[in-house]
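Pasted below: query_3.cif, mmCIF, C-alpha atoms.
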```cif
data_run
#
loop_
_atom_site.label_atom_id
_atom_site.label_comp_id
_atom_site.auth_asym_id
_atom_site.auth_seq_id
_atom_site.Cartn_x
_atom_site.Cartn_y
_atom_site.Cartn_z
CA MET E 23 9.87 2.37 -72.68
CA LYS E 24 11.79 5.04 -70.78
CA LEU E 25 8.85 7.43 -70.51
CA PRO E 26 6.56 5.05 -68.60
CA SER E 27 9.44 4.09 -66.29
CA LEU E 28 10.26 7.72 -65.51
CA LEU E 29 6.60 8.44 -64.95
CA ALA E 30 6.28 5.53 -62.52
CA LEU E 31 9.36 6.62 -60.57
CA SER E 32 8.06 10.17 -60.34
CA LEU E 33 4.71 8.99 -59.03
CA LEU E 34 6.41 6.72 -56.44
CA ARG E 35 8.61 9.57 -55.24
CA ALA E 36 5.63 11.90 -55.00
CA SER E 37 3.64 9.34 -53.02
CA CYS E 38 6.53 8.88 -50.56
CA LEU E 39 6.85 12.63 -50.08
CA GLY E 40 3.11 12.86 -49.62
CA THR E 41 3.18 10.11 -47.02
CA ARG E 42 5.96 11.85 -45.07
CA LYS E 43 4.10 15.10 -45.18
CA SER E 44 0.86 13.50 -44.13
CA THR E 45 2.39 11.62 -41.18
CA ALA E 46 4.13 14.79 -40.01
CA GLY E 47 0.89 16.70 -40.42
CA VAL E 48 -1.04 14.14 -38.36
CA PHE E 49 1.22 14.64 -35.35
CA GLU E 50 1.18 18.43 -35.64
CA ALA E 51 -2.59 18.54 -35.92
CA TYR E 52 -3.25 16.27 -32.98
CA HIS E 53 -0.51 17.84 -30.85
CA THR E 54 -2.12 21.25 -31.33
CA LYS E 55 -5.43 19.75 -30.30
CA SER E 56 -3.87 18.08 -27.22
CA LEU E 57 -2.70 21.45 -25.88
CA SER E 58 -6.31 22.28 -25.09
CA THR E 59 -7.69 18.75 -24.54
CA SER E 60 -5.37 16.08 -23.23
CA PRO E 61 -5.64 13.16 -23.28
CA LEU E 62 -7.24 13.17 -26.72
CA ARG E 63 -10.70 11.62 -27.05
CA LEU E 64 -10.43 9.10 -29.89
CA ASP E 65 -12.80 7.08 -32.01
CA ASP E 66 -12.21 4.27 -34.51
CA ALA E 67 -11.19 6.67 -37.31
CA SER E 68 -8.78 8.81 -35.26
CA TYR E 69 -7.31 5.69 -33.63
CA ASP E 70 -6.52 4.22 -37.05
CA GLU E 71 -5.13 7.55 -38.25
CA LEU E 72 -2.75 7.87 -35.30
CA THR E 73 -1.57 4.24 -35.18
CA VAL E 74 -1.23 3.56 -38.90
CA THR E 75 2.28 2.89 -40.21
CA PRO E 76 4.51 4.59 -41.12
CA ARG E 77 4.37 7.03 -38.21
CA ASN E 78 7.05 9.35 -36.85
CA HIS E 79 5.53 9.76 -33.40
CA SER E 80 4.64 7.67 -30.35
CA ILE E 81 1.14 7.38 -29.01
CA VAL E 82 -0.15 5.92 -25.75
CA VAL E 83 -3.79 4.87 -25.93
CA LEU E 84 -5.98 3.96 -22.96
CA LEU E 85 -8.72 1.56 -24.04
CA THR E 86 -11.45 1.87 -21.44
CA ALA E 87 -15.19 1.56 -20.79
CA LEU E 88 -16.41 4.46 -18.66
CA GLU E 89 -20.17 4.17 -18.99
CA ALA E 90 -21.98 2.70 -15.98
CA ARG E 91 -23.74 0.09 -18.11
CA PHE E 92 -20.41 -1.65 -18.73
CA GLY E 93 -19.76 -2.06 -15.00
CA CYS E 94 -16.03 -1.27 -15.16
CA GLN E 95 -15.31 0.26 -11.76
CA LEU E 96 -11.56 0.05 -12.34
CA CYS E 97 -11.97 2.20 -15.48
CA ARG E 98 -13.78 4.93 -13.55
CA ASP E 99 -11.34 4.78 -10.63
CA PHE E 100 -8.31 5.24 -12.88
CA GLN E 101 -9.77 7.94 -15.15
CA PRO E 102 -8.90 10.92 -12.85
CA GLU E 103 -5.26 9.79 -12.73
CA TRP E 104 -5.16 9.42 -16.51
CA GLU E 105 -6.62 12.90 -17.01
CA LEU E 106 -4.09 14.32 -14.54
CA LEU E 107 -1.28 12.65 -16.49
CA GLY E 108 -2.60 14.05 -19.78
CA LYS E 109 -2.86 17.62 -18.48
CA SER E 110 0.59 17.45 -16.87
CA TRP E 111 2.12 16.08 -20.06
CA ALA E 112 0.49 18.71 -22.26
CA LYS E 113 1.66 21.46 -19.92
CA GLY E 114 5.23 20.15 -19.71
CA ASP E 115 5.62 19.35 -23.43
CA LYS E 116 4.00 22.30 -25.18
CA GLY E 117 6.54 22.24 -27.98
CA GLY E 118 5.98 18.58 -28.76
CA ASP E 119 9.68 17.74 -28.33
CA SER E 120 8.92 14.25 -27.04
CA ARG E 121 6.70 13.54 -30.08
CA ILE E 122 4.28 11.61 -27.87
CA LEU E 123 0.51 11.79 -27.92
CA LEU E 124 -1.87 10.53 -25.23
CA GLY E 125 -5.34 9.38 -26.17
CA THR E 126 -8.42 7.69 -24.71
CA LEU E 127 -10.55 5.27 -26.69
CA ASP E 128 -13.82 4.50 -24.91
CA PHE E 129 -15.68 1.33 -25.85
CA ALA E 130 -18.72 3.45 -26.71
CA ASP E 131 -16.65 5.34 -29.33
CA GLY E 132 -14.46 2.50 -30.57
CA LYS E 133 -16.39 -0.76 -30.66
CA GLY E 134 -14.79 -1.64 -33.99
CA THR E 135 -11.28 -1.27 -32.55
CA PHE E 136 -12.15 -3.39 -29.50
CA GLN E 137 -13.50 -6.10 -31.79
CA LYS E 138 -10.49 -5.88 -34.09
CA LEU E 139 -8.11 -6.27 -31.14
CA MET E 140 -10.35 -8.99 -29.63
CA LEU E 141 -10.30 -7.30 -26.23
CA GLN E 142 -12.43 -8.83 -23.47
CA THR E 143 -11.29 -6.66 -20.55
CA ALA E 144 -10.59 -3.02 -19.81
CA PRO E 145 -8.78 -0.81 -19.04
CA ILE E 146 -5.68 -1.57 -21.15
CA PHE E 147 -2.79 0.60 -22.27
CA LEU E 148 -1.22 0.31 -25.72
CA LEU E 149 2.03 2.18 -26.42
CA PHE E 150 2.76 2.52 -30.15
CA PRO E 151 6.42 3.41 -30.85
CA PRO E 152 7.42 5.32 -33.99
CA THR E 153 8.28 3.34 -37.10
CA THR E 154 10.32 6.12 -38.76
CA GLY E 155 12.74 8.66 -37.37
CA GLN E 156 15.52 8.61 -34.81
CA ASN E 157 13.97 6.23 -32.24
CA ALA E 158 11.99 4.12 -34.67
CA LYS E 159 11.13 0.46 -34.22
CA PRO E 160 10.57 -1.16 -37.59
CA ASP E 161 7.98 -3.72 -36.41
CA GLY E 162 5.77 -0.99 -34.94
CA LEU E 163 4.00 -3.47 -32.66
CA PRO E 164 2.28 -1.90 -29.63
CA ILE E 165 3.44 -2.57 -26.08
CA ARG E 166 0.58 -3.65 -23.84
CA TYR E 167 0.00 -2.86 -20.16
CA ASP E 168 -2.72 -4.65 -18.18
CA PHE E 169 -4.06 -3.45 -14.84
CA THR E 170 -3.36 -6.67 -12.95
CA ALA E 171 -2.60 -4.87 -9.66
CA GLY E 172 -5.70 -2.66 -9.53
CA PRO E 173 -5.84 1.11 -10.05
CA GLN E 174 -2.48 2.72 -10.77
CA SER E 175 -1.27 6.23 -10.06
CA ALA E 176 -0.21 8.68 -12.74
CA GLU E 177 3.39 8.41 -11.53
CA GLN E 178 3.35 4.62 -12.00
CA ILE E 179 2.11 4.96 -15.59
CA VAL E 180 4.81 7.55 -16.37
CA SER E 181 7.39 5.16 -14.94
CA TRP E 182 6.07 2.37 -17.19
CA MET E 183 6.13 4.66 -20.24
CA GLY E 184 9.68 5.71 -19.43
CA ARG E 185 10.94 2.15 -19.93
CA TYR E 186 10.02 2.24 -23.61
CA LEU E 187 10.42 5.91 -24.49
CA PRO E 188 13.72 7.52 -25.53
CA ASP E 189 16.01 8.81 -22.79
CA GLY E 190 15.54 12.41 -21.82
CA PRO E 191 13.52 14.61 -19.48
CA LYS E 192 9.87 13.72 -19.10
CA PRO E 193 7.12 16.08 -17.90
CA THR E 194 6.47 15.70 -14.17
CA ILE E 195 3.05 15.06 -12.69
CA GLN E 196 1.66 18.27 -11.23
CA ARG E 197 -1.10 17.48 -8.77
CA PRO E 198 -3.44 20.33 -7.83
CA LEU E 199 -3.36 21.59 -4.27
CA ASN E 200 -5.95 19.99 -2.03
CA TYR E 201 -7.21 23.11 -0.29
CA LEU E 202 -9.87 21.22 1.66
CA ARG E 203 -7.24 18.92 3.13
CA MET E 204 -4.97 21.86 3.98
CA ILE E 205 -7.84 23.64 5.77
CA ALA E 206 -8.78 20.45 7.65
CA VAL E 207 -5.18 19.86 8.79
CA THR E 208 -4.85 23.50 9.89
CA ILE E 209 -8.08 23.31 11.91
CA ILE E 210 -7.02 20.04 13.54
CA LEU E 211 -3.60 21.44 14.47
CA LEU E 212 -5.16 24.58 15.94
CA GLY E 213 -7.63 22.45 17.88
CA VAL E 214 -4.86 20.25 19.29
CA VAL E 215 -2.78 23.27 20.30
CA SER E 216 -5.81 24.92 21.91
CA PHE E 217 -6.72 21.74 23.78
CA PHE E 218 -3.23 21.26 25.22
CA SER E 219 -2.93 24.92 26.15
CA VAL E 220 -6.17 24.68 28.16
CA ALA E 221 -5.69 21.16 29.55
CA HIS E 222 -1.97 21.55 30.24
CA PRO E 223 -2.33 22.02 34.04
CA TYR E 224 -4.39 18.80 34.27
CA ILE E 225 -2.53 16.59 31.78
CA LEU E 226 1.06 17.39 32.77
CA PRO E 227 0.83 15.89 36.30
CA ILE E 228 -0.58 12.68 34.80
CA ILE E 229 2.18 12.46 32.20
CA GLN E 230 4.85 13.09 34.85
CA ASN E 231 3.43 10.51 37.27
CA ARG E 232 6.15 7.93 37.95
CA ASN E 233 3.72 5.32 39.24
CA LEU E 234 1.68 5.51 36.04
CA TRP E 235 4.71 4.91 33.83
CA ALA E 236 5.93 2.15 36.15
CA GLY E 237 2.56 0.39 35.85
CA VAL E 238 2.47 0.76 32.04
CA SER E 239 6.04 -0.52 31.78
CA LEU E 240 5.30 -3.49 34.04
CA ILE E 241 2.19 -4.49 32.09
CA THR E 242 4.10 -4.21 28.79
CA ILE E 243 6.95 -6.35 30.12
CA LEU E 244 4.52 -8.99 31.37
CA LEU E 245 2.71 -9.11 28.02
CA PHE E 246 5.87 -9.62 25.98
CA THR E 247 7.67 -12.00 28.34
CA SER E 248 4.60 -14.24 28.54
CA GLY E 249 4.49 -14.77 24.75
CA HIS E 250 1.91 -12.23 23.56
CA MET E 251 3.78 -11.52 20.30
CA PHE E 252 4.26 -15.26 19.68
CA ASN E 253 0.47 -15.66 19.66
CA HIS E 254 0.02 -12.89 17.08
CA ILE E 255 2.76 -14.21 14.81
CA ARG E 256 1.76 -17.89 14.94
CA LYS E 257 -2.03 -17.34 15.22
CA VAL E 258 -2.26 -19.95 17.97
CA PRO E 259 -5.60 -21.31 19.26
CA TYR E 260 -6.96 -20.00 22.55
CA VAL E 261 -7.36 -23.50 24.09
CA ALA E 262 -7.44 -27.07 22.79
CA GLY E 263 -9.00 -30.39 23.69
CA ASP E 264 -6.98 -32.89 25.75
CA GLY E 265 -8.35 -35.92 23.87
CA LYS E 266 -10.41 -37.07 26.87
CA GLY E 267 -13.33 -34.69 26.55
CA GLY E 268 -11.66 -31.96 28.61
CA ILE E 269 -9.79 -28.74 27.86
CA SER E 270 -6.04 -28.33 27.78
CA TYR E 271 -4.77 -24.90 28.79
CA PHE E 272 -1.05 -25.63 28.29
CA ALA E 273 0.55 -26.93 25.10
CA GLY E 274 3.34 -29.47 25.39
CA GLY E 275 6.81 -28.50 24.18
CA PHE E 276 8.65 -25.20 24.19
CA SER E 277 7.73 -24.27 20.61
CA ASN E 278 3.96 -24.40 21.20
CA GLN E 279 1.54 -22.49 23.39
CA PHE E 280 -2.11 -21.50 23.63
CA GLY E 281 -3.67 -18.07 24.06
CA MET E 282 -5.05 -18.94 27.50
CA GLU E 283 -1.62 -20.20 28.52
CA THR E 284 -0.12 -16.78 27.81
CA GLN E 285 -2.66 -15.06 30.03
CA ILE E 286 -2.12 -17.52 32.89
CA VAL E 287 1.67 -17.14 32.71
CA ALA E 288 1.32 -13.33 32.60
CA ALA E 289 -0.93 -13.47 35.69
CA MET E 290 1.64 -15.61 37.52
CA TYR E 291 4.48 -13.24 36.62
CA GLY E 292 2.36 -10.27 37.69
CA THR E 293 1.48 -11.84 41.03
CA LEU E 294 5.14 -12.68 41.70
CA SER E 295 6.15 -9.14 40.78
CA PHE E 296 3.58 -7.47 43.03
CA ALA E 297 4.41 -9.84 45.91
CA THR E 298 8.12 -9.05 45.61
CA ILE E 299 7.43 -5.29 45.44
CA ALA E 300 5.18 -5.52 48.51
CA LEU E 301 7.86 -7.37 50.51
CA ALA E 302 10.56 -4.93 49.45
CA ILE E 303 8.68 -1.63 49.75
CA LYS E 304 5.35 -1.88 51.55
CA VAL E 305 6.10 -4.30 54.39
CA PRO E 306 9.16 -2.43 55.80
CA ARG E 307 7.02 0.71 56.16
CA MET E 308 4.43 -0.95 58.42
CA ALA E 309 4.56 0.45 61.95
CA ASP E 310 2.81 -2.47 63.72
CA PRO E 311 5.25 -5.43 64.18
CA LYS E 312 2.44 -8.04 64.22
CA THR E 313 0.86 -6.68 61.06
CA GLN E 314 4.30 -6.58 59.46
CA GLN E 315 4.97 -10.19 60.46
CA LEU E 316 1.62 -11.30 59.10
CA ALA E 317 2.26 -9.48 55.82
CA VAL E 318 5.63 -11.23 55.49
CA PHE E 319 3.99 -14.64 55.91
CA VAL E 320 1.15 -13.78 53.51
CA TRP E 321 3.34 -12.42 50.71
CA GLY E 322 5.93 -15.14 51.30
CA GLY E 323 3.16 -17.74 50.95
CA VAL E 324 1.95 -16.11 47.73
CA ILE E 325 5.46 -16.25 46.27
CA LEU E 326 5.85 -19.90 47.34
CA CYS E 327 2.53 -20.94 45.79
CA MET E 328 3.13 -19.03 42.57
CA TYR E 329 6.62 -20.47 42.11
CA SER E 330 5.27 -23.94 42.83
CA PHE E 331 2.54 -23.48 40.23
CA LEU E 332 5.07 -22.04 37.75
CA LEU E 333 7.28 -25.13 38.15
CA SER E 334 4.29 -27.41 37.61
CA VAL E 335 3.54 -25.58 34.35
CA PHE E 336 7.18 -25.97 33.37
CA ARG E 337 6.93 -29.74 33.98
CA THR E 338 3.84 -29.78 31.73
CA LYS E 339 5.84 -28.13 28.97
CA ASN E 340 8.87 -30.37 29.59
CA GLY E 341 7.86 -33.82 30.76
CA GLY E 342 11.44 -34.81 31.63
CA TYR E 343 11.93 -32.05 34.22
CA PRO E 344 12.59 -33.88 37.56
CA PHE E 345 12.11 -31.13 40.14
CA HIS E 346 9.01 -29.76 41.81
CA LEU E 347 8.09 -27.40 44.65
CA PRO E 348 5.20 -28.13 47.03
CA PRO E 349 2.27 -27.75 47.15
CA PHE E 350 1.81 -28.22 43.34
#
```

Hey, can you dump this file as structure tokens for me?
Amino acid sequence: MKLPSLLALSLLRASCLGTRKSTAGVFEAYHTKSLSTSPLRLDDASYDELTVTPRNHSIVVLLTALEARFGCQLCRDFQPEWELLGKSWAKGDKGGDSRILLGTLDFADGKGTFQKLMLQTAPIFLLFPPTTGQNAKPDGLPIRYDFTAGPQSAEQIVSWMGRYLPDGPKPTIQRPLNYLRMIAVTIILLGVVSFFSVAHPYILPIIQNRNLWAGVSLITILLFTSGHMFNHIRKVPYVAGDGKGGISYFAGGFSNQFGMETQIVAAMYGTLSFATIALAIKVPRMADPKTQQLAVFVWGGVILCMYSFLLSVFRTKNGGYPFHLPPF
């Protein structure tokens, strides 16, 4: 009775040691392969070999469908970022200290796995934690990541992986230098510098023109004081019907306005501004007294009419306002 029992125990111990050796050998073999090709290109057999329990390593698998006949544009858009992540990880973890493998399982190579997982969409990430060792998780269930927000960058995927991987330094993403972009930026900068060096005598007087900046400032002030930003924020209509078959250019109440109303108010403010400037600056410089007197009456009449019209608009906005100024 003792001999069969001892034989059974010996066989069980040998099988356990063989399992440990085989799981350790799986990681070493695939890690060596990943140094030259990362992420690893998987099929159904290699996927099962790397994800089978027990395992003393982590593996992140991208399940994708890259062939054009599958019509997965998101898969093709993300693939360069995934390859960049794999190369950066292999370069930064040559010794395999993190005990993490990265692999790609295309639908064309792993139809059985897609059917077994009952996947209907791609791409999808599955992160398999270790089931033995220091950072083991006994259940061994994979952590899933779906691309609900569109294509992700390599840095975003590393950040997601970092939430479930042990604490410690992670390889950084090393993006290759974009020489074409550097050359284009250098040419543009040289062109801008050359343009300003040649056009400097013509552009500088325009930039230093006080009247130009005064006009730009005045137009900007008129736009914003008349409610231009309110129209963009509220998306107000340009005009509206008055209920009688006509058009209403002014909205009742102080919290409403139309697009046309803003332009009319800006025109009134502009006319009042130019009339005031003319009376203060232009009219005193006139040498002919009769012309000066006529200009005073003309600009004074413009100010009177504009203020009268402005008060009538104010009464339209606020029906209870009791005052008015002729002629409106």

Can you spell out as number ranges by chain the set of residues that the PyMOL selection byres ((chain E and resi 279) around 10) selects in the structure I just provided? E: 249, 252-253, 256, 258-261, 271-278, 280-284, 339

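Remark: for Lys116 (chain E), the closest of the candidate residues E:Leu226, E:Leu57, E:Leu96, E:Leu244 is E:Leu57 (distances computed over all atoms listed in the file).
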
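Taking CA of Arg121 (chain E) and CA of Thr59 (chain E) as the two end points, the separation is 16.3 Å.
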
Using all atoms listed in the file, determine which residues lie at most 9 Å from Thr75 (chain E), disregarding the query and same-chain residues fewer than 4 positions distant; provide the list as a ChimeraX atom specification. /E:45,71,152-154,162

Using the selection just defined, write its residues with C-alpha atoms as an mmCIF file, in the frame of the given file.
```
data_model
loop_
_atom_site.group_PDB
_atom_site.id
_atom_site.type_symbol
_atom_site.label_atom_id
_atom_site.label_comp_id
_atom_site.auth_asym_id
_atom_site.auth_seq_id
_atom_site.Cartn_x
_atom_site.Cartn_y
_atom_site.Cartn_z
ATOM 1 C CA THR E 45 2.390 11.620 -41.180
ATOM 2 C CA GLU E 71 -5.130 7.550 -38.250
ATOM 3 C CA PRO E 152 7.420 5.320 -33.990
ATOM 4 C CA THR E 153 8.280 3.340 -37.100
ATOM 5 C CA THR E 154 10.320 6.120 -38.760
ATOM 6 C CA GLY E 162 5.770 -0.990 -34.940
#
```

Find the smallest box with edges along x, y and z containing every listed atom of region 252-265 of chain E, then add 4 Å on each side and report centre and edge lengths in Å to one decimal, as JSON.
```
{"center_x": -2.4, "center_y": -24.4, "center_z": 20.3, "size_x": 21.3, "size_y": 31.0, "size_z": 18.9}
```
